[in-house]
$ cat final37.cif   # mmCIF, C-alpha atoms and all ligand atoms
data_protein
#
loop_
_atom_site.group_PDB
_atom_site.id
_atom_site.type_symbol
_atom_site.label_atom_id
_atom_site.label_comp_id
_atom_site.auth_asym_id
_atom_site.auth_seq_id
_atom_site.Cartn_x
_atom_site.Cartn_y
_atom_site.Cartn_z
ATOM 1 C CA MET A 121 5.810 -13.827 22.905
ATOM 2 C CA GLU A 122 9.511 -13.400 23.673
ATOM 3 C CA ASP A 123 10.691 -10.235 25.353
ATOM 4 C CA ARG A 124 12.495 -8.978 22.298
ATOM 5 C CA PHE A 125 12.430 -10.093 18.704
ATOM 6 C CA SER A 126 14.790 -8.717 16.125
ATOM 7 C CA HIS A 127 15.548 -9.452 12.514
ATOM 8 C CA SER A 128 17.418 -7.868 9.599
ATOM 9 C CA PHE A 129 16.570 -7.708 5.903
ATOM 10 C CA THR A 130 18.134 -6.301 2.748
ATOM 11 C CA ILE A 131 16.453 -4.268 0.016
ATOM 12 C CA ARG A 132 18.025 -3.961 -3.419
ATOM 13 C CA GLY A 133 17.627 -0.675 -5.218
ATOM 14 C CA LYS A 134 16.173 -0.558 -8.772
ATOM 15 C CA HIS A 135 15.000 -4.108 -8.269
ATOM 16 C CA PHE A 136 11.325 -3.558 -9.012
ATOM 17 C CA ILE A 137 10.585 -7.279 -9.305
ATOM 18 C CA ASP A 138 11.206 -7.806 -5.600
ATOM 19 C CA ALA A 139 9.730 -4.496 -4.453
ATOM 20 C CA GLY A 140 7.495 -5.140 -1.477
ATOM 21 C CA LYS A 141 9.013 -8.468 -0.446
ATOM 22 C CA VAL A 142 10.557 -7.131 2.762
ATOM 23 C CA SER A 143 7.385 -5.367 3.933
ATOM 24 C CA THR A 144 5.353 -8.454 3.104
ATOM 25 C CA GLU A 145 7.738 -10.556 5.169
ATOM 26 C CA ILE A 146 7.620 -8.106 8.094
ATOM 27 C CA LYS A 147 3.840 -8.077 7.914
ATOM 28 C CA ARG A 148 3.741 -11.861 7.975
ATOM 29 C CA LEU A 149 6.173 -12.041 10.923
ATOM 30 C CA LEU A 150 4.268 -9.504 13.032
ATOM 31 C CA LYS A 151 0.990 -11.300 12.409
ATOM 32 C CA GLU A 152 2.586 -14.578 13.379
ATOM 33 C CA LEU A 153 3.979 -12.992 16.555
ATOM 34 C CA GLY A 154 0.440 -12.038 17.508
ATOM 35 C CA VAL A 155 0.594 -8.263 17.025
ATOM 36 C CA ARG A 156 -2.828 -6.579 16.755
ATOM 37 C CA ALA A 157 -4.150 -6.343 13.185
ATOM 38 C CA ASP A 158 -4.489 -2.537 13.004
ATOM 39 C CA ILE A 159 -0.920 -2.099 14.250
ATOM 40 C CA VAL A 160 0.387 -4.648 11.750
ATOM 41 C CA ARG A 161 -1.350 -2.705 8.964
ATOM 42 C CA ARG A 162 0.188 0.622 10.005
ATOM 43 C CA VAL A 163 3.680 -0.874 10.209
ATOM 44 C CA ALA A 164 3.237 -2.653 6.881
ATOM 45 C CA ILE A 165 2.120 0.525 5.097
ATOM 46 C CA ALA A 166 4.969 2.614 6.540
ATOM 47 C CA THR A 167 7.541 -0.067 5.726
ATOM 48 C CA TYR A 168 6.216 -0.560 2.199
ATOM 49 C CA GLU A 169 6.415 3.162 1.409
ATOM 50 C CA ALA A 170 9.989 3.207 2.728
ATOM 51 C CA GLU A 171 10.868 0.075 0.765
ATOM 52 C CA MET A 172 9.498 1.578 -2.468
ATOM 53 C CA ASN A 173 11.595 4.684 -1.867
ATOM 54 C CA VAL A 174 14.722 2.558 -1.518
ATOM 55 C CA VAL A 175 13.859 0.657 -4.695
ATOM 56 C CA MET A 176 13.174 3.881 -6.613
ATOM 57 C CA TYR A 177 15.897 6.184 -5.340
ATOM 58 C CA ALA A 178 18.686 4.288 -3.536
ATOM 59 C CA LYS A 179 21.283 1.576 -4.173
ATOM 60 C CA ASP A 180 20.407 -0.740 -1.333
ATOM 61 C CA ALA A 181 19.332 -0.732 2.288
ATOM 62 C CA THR A 182 19.456 -2.670 5.506
ATOM 63 C CA VAL A 183 16.195 -2.955 7.364
ATOM 64 C CA THR A 184 16.025 -3.935 11.008
ATOM 65 C CA LEU A 185 12.856 -4.902 12.751
ATOM 66 C CA GLU A 186 12.741 -4.857 16.530
ATOM 67 C CA LEU A 187 9.744 -5.906 18.538
ATOM 68 C CA THR A 188 9.465 -5.432 22.297
ATOM 69 C CA PRO A 189 6.349 -5.727 24.468
ATOM 70 C CA ARG A 190 6.070 -1.928 24.244
ATOM 71 C CA ASP A 191 6.755 -1.073 20.612
ATOM 72 C CA ILE A 192 7.808 -2.009 17.094
ATOM 73 C CA ARG A 193 10.833 -0.266 15.679
ATOM 74 C CA ILE A 194 11.827 -0.374 12.009
ATOM 75 C CA VAL A 195 15.069 1.191 10.839
ATOM 76 C CA ILE A 196 15.685 1.577 7.112
ATOM 77 C CA ASP A 197 19.252 2.568 6.465
ATOM 78 C CA ASP A 198 20.078 3.064 2.789
ATOM 79 C CA ARG A 199 23.119 3.775 0.659
ATOM 80 C CA GLY A 200 22.147 6.201 -2.028
ATOM 81 C CA PRO A 201 21.997 9.823 -3.135
ATOM 82 C CA GLY A 202 20.510 11.097 0.135
ATOM 83 C CA ILE A 203 17.969 13.903 0.397
ATOM 84 C CA ALA A 204 19.224 17.492 0.156
ATOM 85 C CA ASP A 205 16.126 19.214 1.545
ATOM 86 C CA ILE A 206 14.289 16.958 3.970
ATOM 87 C CA GLU A 207 11.641 19.545 4.791
ATOM 88 C CA LEU A 208 10.751 19.778 1.106
ATOM 89 C CA ALA A 209 10.773 15.993 0.656
ATOM 90 C CA MET A 210 8.365 15.655 3.587
ATOM 91 C CA GLN A 211 5.802 17.926 1.927
ATOM 92 C CA GLU A 212 2.766 16.250 0.399
ATOM 93 C CA GLY A 213 3.026 16.323 -3.361
ATOM 94 C CA PHE A 214 6.782 16.806 -3.665
ATOM 95 C CA SER A 215 8.291 14.125 -5.866
ATOM 96 C CA THR A 216 11.253 13.585 -8.147
ATOM 97 C CA ALA A 217 9.881 10.267 -9.452
ATOM 98 C CA THR A 218 10.597 9.535 -13.111
ATOM 99 C CA SER A 219 7.871 8.839 -15.668
ATOM 100 C CA GLU A 220 8.740 5.154 -15.442
ATOM 101 C CA MET A 221 7.991 5.174 -11.695
ATOM 102 C CA ARG A 222 4.806 7.166 -12.259
ATOM 103 C CA GLU A 223 3.621 4.558 -14.744
ATOM 104 C CA LEU A 224 3.850 2.016 -11.932
ATOM 105 C CA GLY A 225 1.559 4.166 -9.788
ATOM 106 C CA PHE A 226 4.182 5.934 -7.697
ATOM 107 C CA GLY A 227 5.321 9.524 -7.505
ATOM 108 C CA ALA A 228 2.374 11.157 -5.763
ATOM 109 C CA GLY A 229 4.755 12.610 -3.212
ATOM 110 C CA LEU A 230 2.754 11.043 -0.413
ATOM 111 C CA GLY A 231 5.108 8.313 0.772
ATOM 112 C CA LEU A 232 7.144 10.115 3.411
ATOM 113 C CA PRO A 233 4.146 12.026 4.872
ATOM 114 C CA ASN A 234 2.257 8.734 4.982
ATOM 115 C CA ILE A 235 5.117 7.004 6.804
ATOM 116 C CA LYS A 236 5.027 9.782 9.391
ATOM 117 C CA LYS A 237 1.246 9.541 9.677
ATOM 118 C CA ASN A 238 1.434 5.822 10.422
ATOM 119 C CA SER A 239 4.237 6.171 12.982
ATOM 120 C CA ASP A 240 3.967 7.155 16.627
ATOM 121 C CA ASP A 241 7.532 8.372 16.396
ATOM 122 C CA PHE A 242 9.367 9.105 13.160
ATOM 123 C CA LYS A 243 12.936 10.219 12.548
ATOM 124 C CA ILE A 244 14.594 10.927 9.242
ATOM 125 C CA GLY A 245 18.234 11.766 8.657
ATOM 126 C CA SER A 246 20.157 12.028 5.423
ATOM 127 C CA THR A 247 23.594 12.805 4.084
ATOM 128 C CA VAL A 248 23.813 13.862 0.447
ATOM 129 C CA GLY A 249 25.960 11.403 -1.485
ATOM 130 C CA ALA A 250 25.843 8.807 1.284
ATOM 131 C CA GLY A 251 22.311 7.782 2.172
ATOM 132 C CA THR A 252 19.107 8.170 4.142
ATOM 133 C CA LYS A 253 18.021 6.649 7.415
ATOM 134 C CA LEU A 254 14.448 6.333 8.600
ATOM 135 C CA GLU A 255 13.438 5.272 12.102
ATOM 136 C CA ILE A 256 9.821 4.286 12.482
ATOM 137 C CA THR A 257 8.336 3.485 15.875
ATOM 138 C CA VAL A 258 4.824 2.231 16.445
ATOM 139 C CA PHE A 259 3.593 1.691 20.005
ATOM 140 C CA ILE A 260 1.772 -1.470 20.924
ATOM 141 C CA ASN A 261 -1.517 -0.625 22.773
ATOM 142 C CA MET B 391 -23.355 -6.392 -0.459
ATOM 143 C CA VAL B 392 -20.808 -8.989 -1.480
ATOM 144 C CA LEU B 393 -18.315 -9.165 -4.315
ATOM 145 C CA SER B 394 -20.616 -11.145 -6.605
ATOM 146 C CA ASP B 395 -23.113 -8.227 -6.435
ATOM 147 C CA VAL B 396 -20.321 -5.950 -7.638
ATOM 148 C CA GLN B 397 -19.645 -8.457 -10.405
ATOM 149 C CA ASP B 398 -23.307 -8.190 -11.511
ATOM 150 C CA LEU B 399 -23.564 -4.415 -11.185
ATOM 151 C CA LEU B 400 -20.424 -3.815 -13.236
ATOM 152 C CA SER B 401 -20.778 -6.779 -15.641
ATOM 153 C CA CYS B 402 -17.377 -7.988 -14.519
ATOM 154 C CA GLU B 403 -15.299 -10.787 -15.824
ATOM 155 C CA VAL B 404 -13.623 -12.614 -12.946
ATOM 156 C CA VAL B 405 -9.946 -12.775 -13.837
ATOM 157 C CA THR B 406 -8.896 -14.654 -10.715
ATOM 158 C CA GLY B 407 -10.249 -15.345 -7.221
ATOM 159 C CA GLY B 408 -13.700 -16.686 -8.146
ATOM 160 C CA GLU B 409 -13.689 -18.532 -4.833
ATOM 161 C CA TYR B 410 -13.763 -15.218 -2.908
ATOM 162 C CA LEU B 411 -16.920 -13.734 -4.455
ATOM 163 C CA ASN B 412 -18.750 -13.975 -1.148
ATOM 164 C CA ARG B 413 -16.436 -11.408 0.448
ATOM 165 C CA PRO B 414 -18.348 -8.460 1.892
ATOM 166 C CA VAL B 415 -18.006 -5.096 0.161
ATOM 167 C CA THR B 416 -18.721 -2.243 2.536
ATOM 168 C CA TYR B 417 -16.727 0.599 1.050
ATOM 169 C CA GLY B 418 -14.616 1.415 -1.949
ATOM 170 C CA CYS B 419 -11.851 3.599 -3.247
ATOM 171 C CA ALA B 420 -10.604 4.488 -6.703
ATOM 172 C CA SER B 421 -7.156 5.597 -7.773
ATOM 173 C CA ASP B 422 -4.252 4.920 -10.088
ATOM 174 C CA LEU B 423 -1.850 6.224 -7.459
ATOM 175 C CA MET B 424 -0.619 3.601 -5.063
ATOM 176 C CA SER B 425 0.354 6.101 -2.355
ATOM 177 C CA ASP B 426 -3.184 7.480 -2.480
ATOM 178 C CA VAL B 427 -4.507 4.009 -1.822
ATOM 179 C CA LEU B 428 -2.012 3.429 0.988
ATOM 180 C CA ALA B 429 -2.792 6.805 2.584
ATOM 181 C CA PHE B 430 -6.574 6.920 2.330
ATOM 182 C CA SER B 431 -8.016 3.414 2.089
ATOM 183 C CA GLY B 432 -9.369 1.419 4.983
ATOM 184 C CA PRO B 433 -8.820 -2.299 5.520
ATOM 185 C CA GLY B 434 -11.232 -4.449 3.545
ATOM 186 C CA ALA B 435 -11.939 -1.775 0.925
ATOM 187 C CA LEU B 436 -12.657 -2.509 -2.719
ATOM 188 C CA LEU B 437 -10.213 -0.831 -5.115
ATOM 189 C CA LEU B 438 -11.181 0.423 -8.558
ATOM 190 C CA THR B 439 -8.181 1.189 -10.707
ATOM 191 C CA GLY B 440 -7.136 1.650 -14.306
ATOM 192 C CA LEU B 441 -3.589 0.639 -13.522
ATOM 193 C CA VAL B 442 -2.726 -2.906 -12.722
ATOM 194 C CA ASN B 443 0.765 -4.264 -12.335
ATOM 195 C CA VAL B 444 2.483 -6.393 -9.714
ATOM 196 C CA GLN B 445 2.839 -3.295 -7.513
ATOM 197 C CA THR B 446 -0.945 -2.802 -7.511
ATOM 198 C CA ILE B 447 -1.354 -6.314 -6.113
ATOM 199 C CA GLN B 448 1.439 -5.724 -3.608
ATOM 200 C CA THR B 449 -0.238 -2.489 -2.506
ATOM 201 C CA ALA B 450 -3.593 -4.231 -2.129
ATOM 202 C CA HIS B 451 -1.947 -6.896 0.002
ATOM 203 C CA ILE B 452 -0.171 -4.387 2.252
ATOM 204 C CA ALA B 453 -3.317 -2.233 2.648
ATOM 205 C CA GLU B 454 -5.451 -5.368 3.181
ATOM 206 C CA LEU B 455 -7.930 -4.594 0.421
ATOM 207 C CA ASN B 456 -10.712 -7.075 -0.299
ATOM 208 C CA ALA B 457 -10.635 -7.035 -4.078
ATOM 209 C CA ILE B 458 -9.535 -5.124 -7.170
ATOM 210 C CA VAL B 459 -11.777 -4.077 -10.057
ATOM 211 C CA LEU B 460 -9.914 -3.168 -13.190
ATOM 212 C CA VAL B 461 -11.806 -0.592 -15.269
ATOM 213 C CA ARG B 462 -12.230 0.041 -18.996
ATOM 214 C CA GLY B 463 -11.843 -3.589 -19.990
ATOM 215 C CA LYS B 464 -8.105 -3.722 -19.381
ATOM 216 C CA LYS B 465 -6.457 -7.103 -19.181
ATOM 217 C CA PRO B 466 -3.725 -7.815 -16.651
ATOM 218 C CA ASP B 467 -0.785 -9.914 -17.762
ATOM 219 C CA ARG B 468 0.114 -13.319 -16.424
ATOM 220 C CA ASN B 469 2.529 -12.381 -13.655
ATOM 221 C CA VAL B 470 -0.082 -9.968 -12.274
ATOM 222 C CA ILE B 471 -2.719 -12.698 -12.211
ATOM 223 C CA GLU B 472 -0.221 -15.031 -10.574
ATOM 224 C CA ALA B 473 0.583 -12.430 -7.876
ATOM 225 C CA ALA B 474 -3.123 -11.849 -7.208
ATOM 226 C CA ARG B 475 -3.731 -15.557 -6.848
ATOM 227 C CA GLU B 476 -0.792 -15.947 -4.481
ATOM 228 C CA LYS B 477 -1.928 -13.011 -2.329
ATOM 229 C CA GLU B 478 -5.550 -14.220 -2.410
ATOM 230 C CA ILE B 479 -6.817 -10.978 -3.894
ATOM 231 C CA PRO B 480 -9.718 -11.397 -6.317
ATOM 232 C CA LEU B 481 -9.232 -9.538 -9.581
ATOM 233 C CA LEU B 482 -12.276 -8.469 -11.618
ATOM 234 C CA ALA B 483 -12.415 -6.626 -14.928
ATOM 235 C CA THR B 484 -15.268 -4.316 -15.932
ATOM 236 C CA PRO B 485 -15.951 -2.768 -19.344
ATOM 237 C CA TYR B 486 -17.117 0.448 -17.601
ATOM 238 C CA SER B 487 -14.886 3.496 -17.251
ATOM 239 C CA MET B 488 -13.592 4.522 -13.830
ATOM 240 C CA TYR B 489 -16.209 7.294 -13.572
ATOM 241 C CA GLU B 490 -19.096 5.046 -14.562
ATOM 242 C CA ALA B 491 -17.990 2.168 -12.354
ATOM 243 C CA CYS B 492 -17.620 4.432 -9.302
ATOM 244 C CA GLY B 493 -20.982 6.035 -10.012
ATOM 245 C CA ILE B 494 -22.789 2.714 -10.273
ATOM 246 C CA LEU B 495 -21.322 1.404 -7.024
ATOM 247 C CA TYR B 496 -21.846 4.688 -5.181
ATOM 248 C CA ARG B 497 -25.486 4.774 -6.251
ATOM 249 C CA ALA B 498 -25.879 1.165 -5.124
ATOM 250 C CA GLY B 499 -24.898 2.349 -1.654
ATOM 251 C CA ILE B 500 -21.204 1.577 -1.396
ATOM 252 C CA PRO B 501 -19.622 4.591 0.311
ATOM 253 C CA SER B 502 -16.077 5.839 -0.027
ATOM 254 C CA THR B 503 -13.199 4.788 2.196
ATOM 255 C CA MET B 504 -11.125 7.769 1.130
ATOM 256 C CA VAL B 505 -12.214 10.193 3.775
ATOM 257 C CA CYS B 506 -10.436 13.391 2.863
ATOM 258 C CA PRO B 507 -10.692 16.345 5.249
ATOM 259 C CA GLN B 508 -12.047 18.557 2.450
ATOM 260 C CA SER B 509 -14.920 16.172 1.766
ATOM 261 C CA GLN B 510 -16.460 16.252 5.254
ATOM 262 C CA ALA B 511 -19.500 18.120 3.919
ATOM 263 C CA SER B 512 -19.925 15.708 1.008
ATOM 264 C CA PRO B 513 -23.506 14.989 -0.078
ATOM 265 C CA ARG B 514 -25.173 11.755 0.876
ATOM 266 C CA VAL B 515 -25.737 9.044 -1.688
ATOM 267 C CA HIS B 516 -28.739 9.941 -3.872
ATOM 268 C CA ARG B 517 -30.767 7.334 -5.632
HETATM 269 N N1 LIG C 601 15.510 6.850 0.316
HETATM 270 C C1 LIG C 601 15.552 7.964 -0.431
HETATM 271 N N2 LIG C 601 16.717 8.337 -1.063
HETATM 272 C C2 LIG C 601 16.762 9.446 -1.828
HETATM 273 N N3 LIG C 601 15.726 10.270 -2.041
HETATM 274 C C3 LIG C 601 14.550 9.954 -1.447
HETATM 275 C C4 LIG C 601 14.393 8.794 -0.635
HETATM 276 N N4 LIG C 601 13.128 8.749 -0.184
HETATM 277 C C5 LIG C 601 12.504 9.820 -0.696
HETATM 278 N N5 LIG C 601 13.352 10.564 -1.463
HETATM 279 C C6 LIG C 601 13.049 11.843 -2.162
HETATM 280 O O1 LIG C 601 11.926 12.445 -1.516
HETATM 281 C C7 LIG C 601 10.846 12.607 -2.449
HETATM 282 C C8 LIG C 601 9.524 12.419 -1.738
HETATM 283 O O2 LIG C 601 9.391 11.064 -1.305
HETATM 284 P P1 LIG C 601 7.933 10.455 -1.064
HETATM 285 O O3 LIG C 601 8.076 9.038 -0.703
HETATM 286 O O4 LIG C 601 7.193 11.336 -0.098
HETATM 287 O O5 LIG C 601 7.218 10.627 -2.485
HETATM 288 P P2 LIG C 601 7.495 9.819 -3.841
HETATM 289 O O6 LIG C 601 8.282 8.592 -3.574
HETATM 290 O O7 LIG C 601 8.070 10.769 -4.828
HETATM 291 O O8 LIG C 601 6.017 9.444 -4.288
HETATM 292 P P3 LIG C 601 5.072 8.338 -3.602
HETATM 293 O O9 LIG C 601 5.733 7.898 -2.339
HETATM 294 O O10 LIG C 601 3.780 9.031 -3.358
HETATM 295 O O11 LIG C 601 4.953 7.250 -4.591
HETATM 296 C C9 LIG C 601 11.136 11.614 -3.553
HETATM 297 O O12 LIG C 601 10.537 11.976 -4.774
HETATM 298 C C10 LIG C 601 12.652 11.638 -3.617
HETATM 299 O O13 LIG C 601 13.112 12.777 -4.326
HETATM 300 MG MG MG C 602 7.668 7.287 -2.008
#

$ encode --input "final37.cif" --output "structure tokens" --more "lines below"
Ligand SMILES: Nc1ncnc2c1ncn2[C@@H]1O[C@H](COP(=O)(O)OP(=O)(O)OP(=O)(O)O)[C@@H](O)[C@H]1O
Ligand SMILES: [Mg+2]
Amino acid sequence: MEDRFSHSFTIRGKHFIDAGKVSTEIKRLLKELGVRADIVRRVAIATYEAEMNVVMYAKDATVTLELTPRDIRIVIDDRGPGIADIELAMQEGFSTATSEMRELGFGAGLGLPNIKKNSDDFKIGSTVGAGTKLEITVFIN
Amino acid sequence: MVLSDVQDLLSCEVVTGGEYLNRPVTYGCASDLMSDVLAFSGPGALLLTGLVNVQTIQTAHIAELNAIVLVRGKKPDRNVIEAAREKEIPLLATPYSMYEACGILYRAGIPSTMVCPQSQASPRVHR
């Protein structure tokens, strides 16, 4: 494995047809790079929840994946409405999902707490009217 | 237990993935909420759901589930079947309701993968 691997991806908001493509690709890459299966699963779940949030709530996002011998870092930086009350959004059960999103099986209000649960380090920042940025770190070993 | 036993127990029609019926089934989960599945399922779990769309398949792939059983005789549409085939996730359909299907599998000894803190004192499987 190289010392550092890094790659960028784009997620399109409201584009439900492609929802999950980026997390699937990241999952595939990490597997191929020889990352342990349980770590790959945690990263994939966290990234997928973040990707679905971009698809449901934002315009678009840039995702960067960085792999070092010590950790995996995923940054999801979106352009969108932002989150006014982050503390509230982080609570289990809080959701502003529309009925259309709920029909697809989303809107339990579990995504953000689940991202945090699967991360060893998790940062979230948001500016209303501009966008939201998530930084997910998962340690290797 | 393997997937073909689940097929027998629940009188399933195999929608796609007949070549994977020898996959082991050691625990299951049931939900129509994808975040529930992502938060509480373990790798290799069997998912029972009444909601199947491309996102269900995507979720199963990300969470590394072994198979999906669609309850109440629902029929997935073609792009869902195509996605399941591509992701190598067997898709079965049972005429039983969610409650019945879960009950049958639970009684046959398949425990839950959704270990919620509140359910620590849950009763053991009774036959
Ligand atoms: N990228 C984002 N941009 C704007 N708002 C967001 C974003 N991500 C989350 N939110 C807001 O935070 C709420 C909670 O998000 P969370 O992912 O925890 O739950 P959910 O998406 O509503 O449901 P689930 O993830 O269980 O399907 C959302 O309903 C939405 O209002
Ligand atoms: Mg969400």

$ residues_near_ligand --input "final37.cif" --ligand "ligand LIG 601 (chain C)" --cutoff "9 Å" --atoms "all atoms listed in the file" --output "ChimeraX atom specification"
/A:169-179,181,196-206,208-218,221-222,225-235,246,248,251-254 /B:423-426

$ interface_residues --input "final37.cif" --of "chain B" --to "chain A" --cutoff "8 Å" --atoms "all atoms listed in the file" --output "ChimeraX atom specification"
/B:422-426,428-429,441,443,445-446,448,452-454

$ residues_around --input "final37.cif" --residues "Ile494 in chain B" --least-positions-apart "6" --cutoff "12 Å" --atoms "all atoms listed in the file" --output "PDB file with C-alpha atoms, in the frame of the given file"
ATOM      1  CA  ASP B 395     -23.113  -8.227  -6.435  1.00  0.00           C
ATOM      2  CA  VAL B 396     -20.321  -5.950  -7.638  1.00  0.00           C
ATOM      3  CA  GLN B 397     -19.645  -8.457 -10.405  1.00  0.00           C
ATOM      4  CA  ASP B 398     -23.307  -8.190 -11.511  1.00  0.00           C
ATOM      5  CA  LEU B 399     -23.564  -4.415 -11.185  1.00  0.00           C
ATOM      6  CA  LEU B 400     -20.424  -3.815 -13.236  1.00  0.00           C
ATOM      7  CA  SER B 401     -20.778  -6.779 -15.641  1.00  0.00           C
ATOM      8  CA  GLY B 418     -14.616   1.415  -1.949  1.00  0.00           C
ATOM      9  CA  LEU B 438     -11.181   0.423  -8.558  1.00  0.00           C
ATOM     10  CA  THR B 484     -15.268  -4.316 -15.932  1.00  0.00           C
ATOM     11  CA  TYR B 486     -17.117   0.448 -17.601  1.00  0.00           C
ATOM     12  CA  SER B 487     -14.886   3.496 -17.251  1.00  0.00           C
ATOM     13  CA  MET B 488     -13.592   4.522 -13.830  1.00  0.00           C
ATOM     14  CA  ILE B 500     -21.204   1.577  -1.396  1.00  0.00           C
ATOM     15  CA  PRO B 501     -19.622   4.591   0.311  1.00  0.00           C
ATOM     16  CA  VAL B 515     -25.737   9.044  -1.688  1.00  0.00           C
ATOM     17  CA  HIS B 516     -28.739   9.941  -3.872  1.00  0.00           C
ATOM     18  CA  ARG B 517     -30.767   7.334  -5.632  1.00  0.00           C
TER      19      ARG B 517
END

$ closest_residue --input "final37.cif" --among "A:Lys236, A:Arg193, A:Asp123, A:Ile146" --to "ligand MG 602 (chain C)" --atoms "only C-alpha atoms and all ligand atoms"
A:Lys236

$ residues_near_point --input "final37.cif" --point "(-23.6, -11.0, 1.5)" --cutoff "7 Å" --atoms "all atoms listed in the file" --output "ChimeraX atom specification"
/B:391-392,412,414

$ resolve_selection --input "final37.cif" --expression "the PyMOL selection byres (((chain A and resi 128) around 12) and not hetatm)" --output "number ranges by chain"
A: 125-127, 129-131, 142-143, 145-146, 181-187, 193-197

$ atom_distance --input "final37.cif" --atom1 "CA of Gly432 in chain B" --atom2 "CA of Ile458 in chain B"
13.8 Å

$ resolve_selection --input "final37.cif" --expression "the PyMOL selection byres (((chain A and resi 191) around 9) and not hetatm)" --output "ChimeraX atom specification"
/A:186-190,192-193,257-261

$ closest_residue --input "final37.cif" --among "B:Ala435, B:Arg413, B:Gly499, B:Val461" --to "Ala483 in chain B" --atoms "only C-alpha atoms"
B:Val461
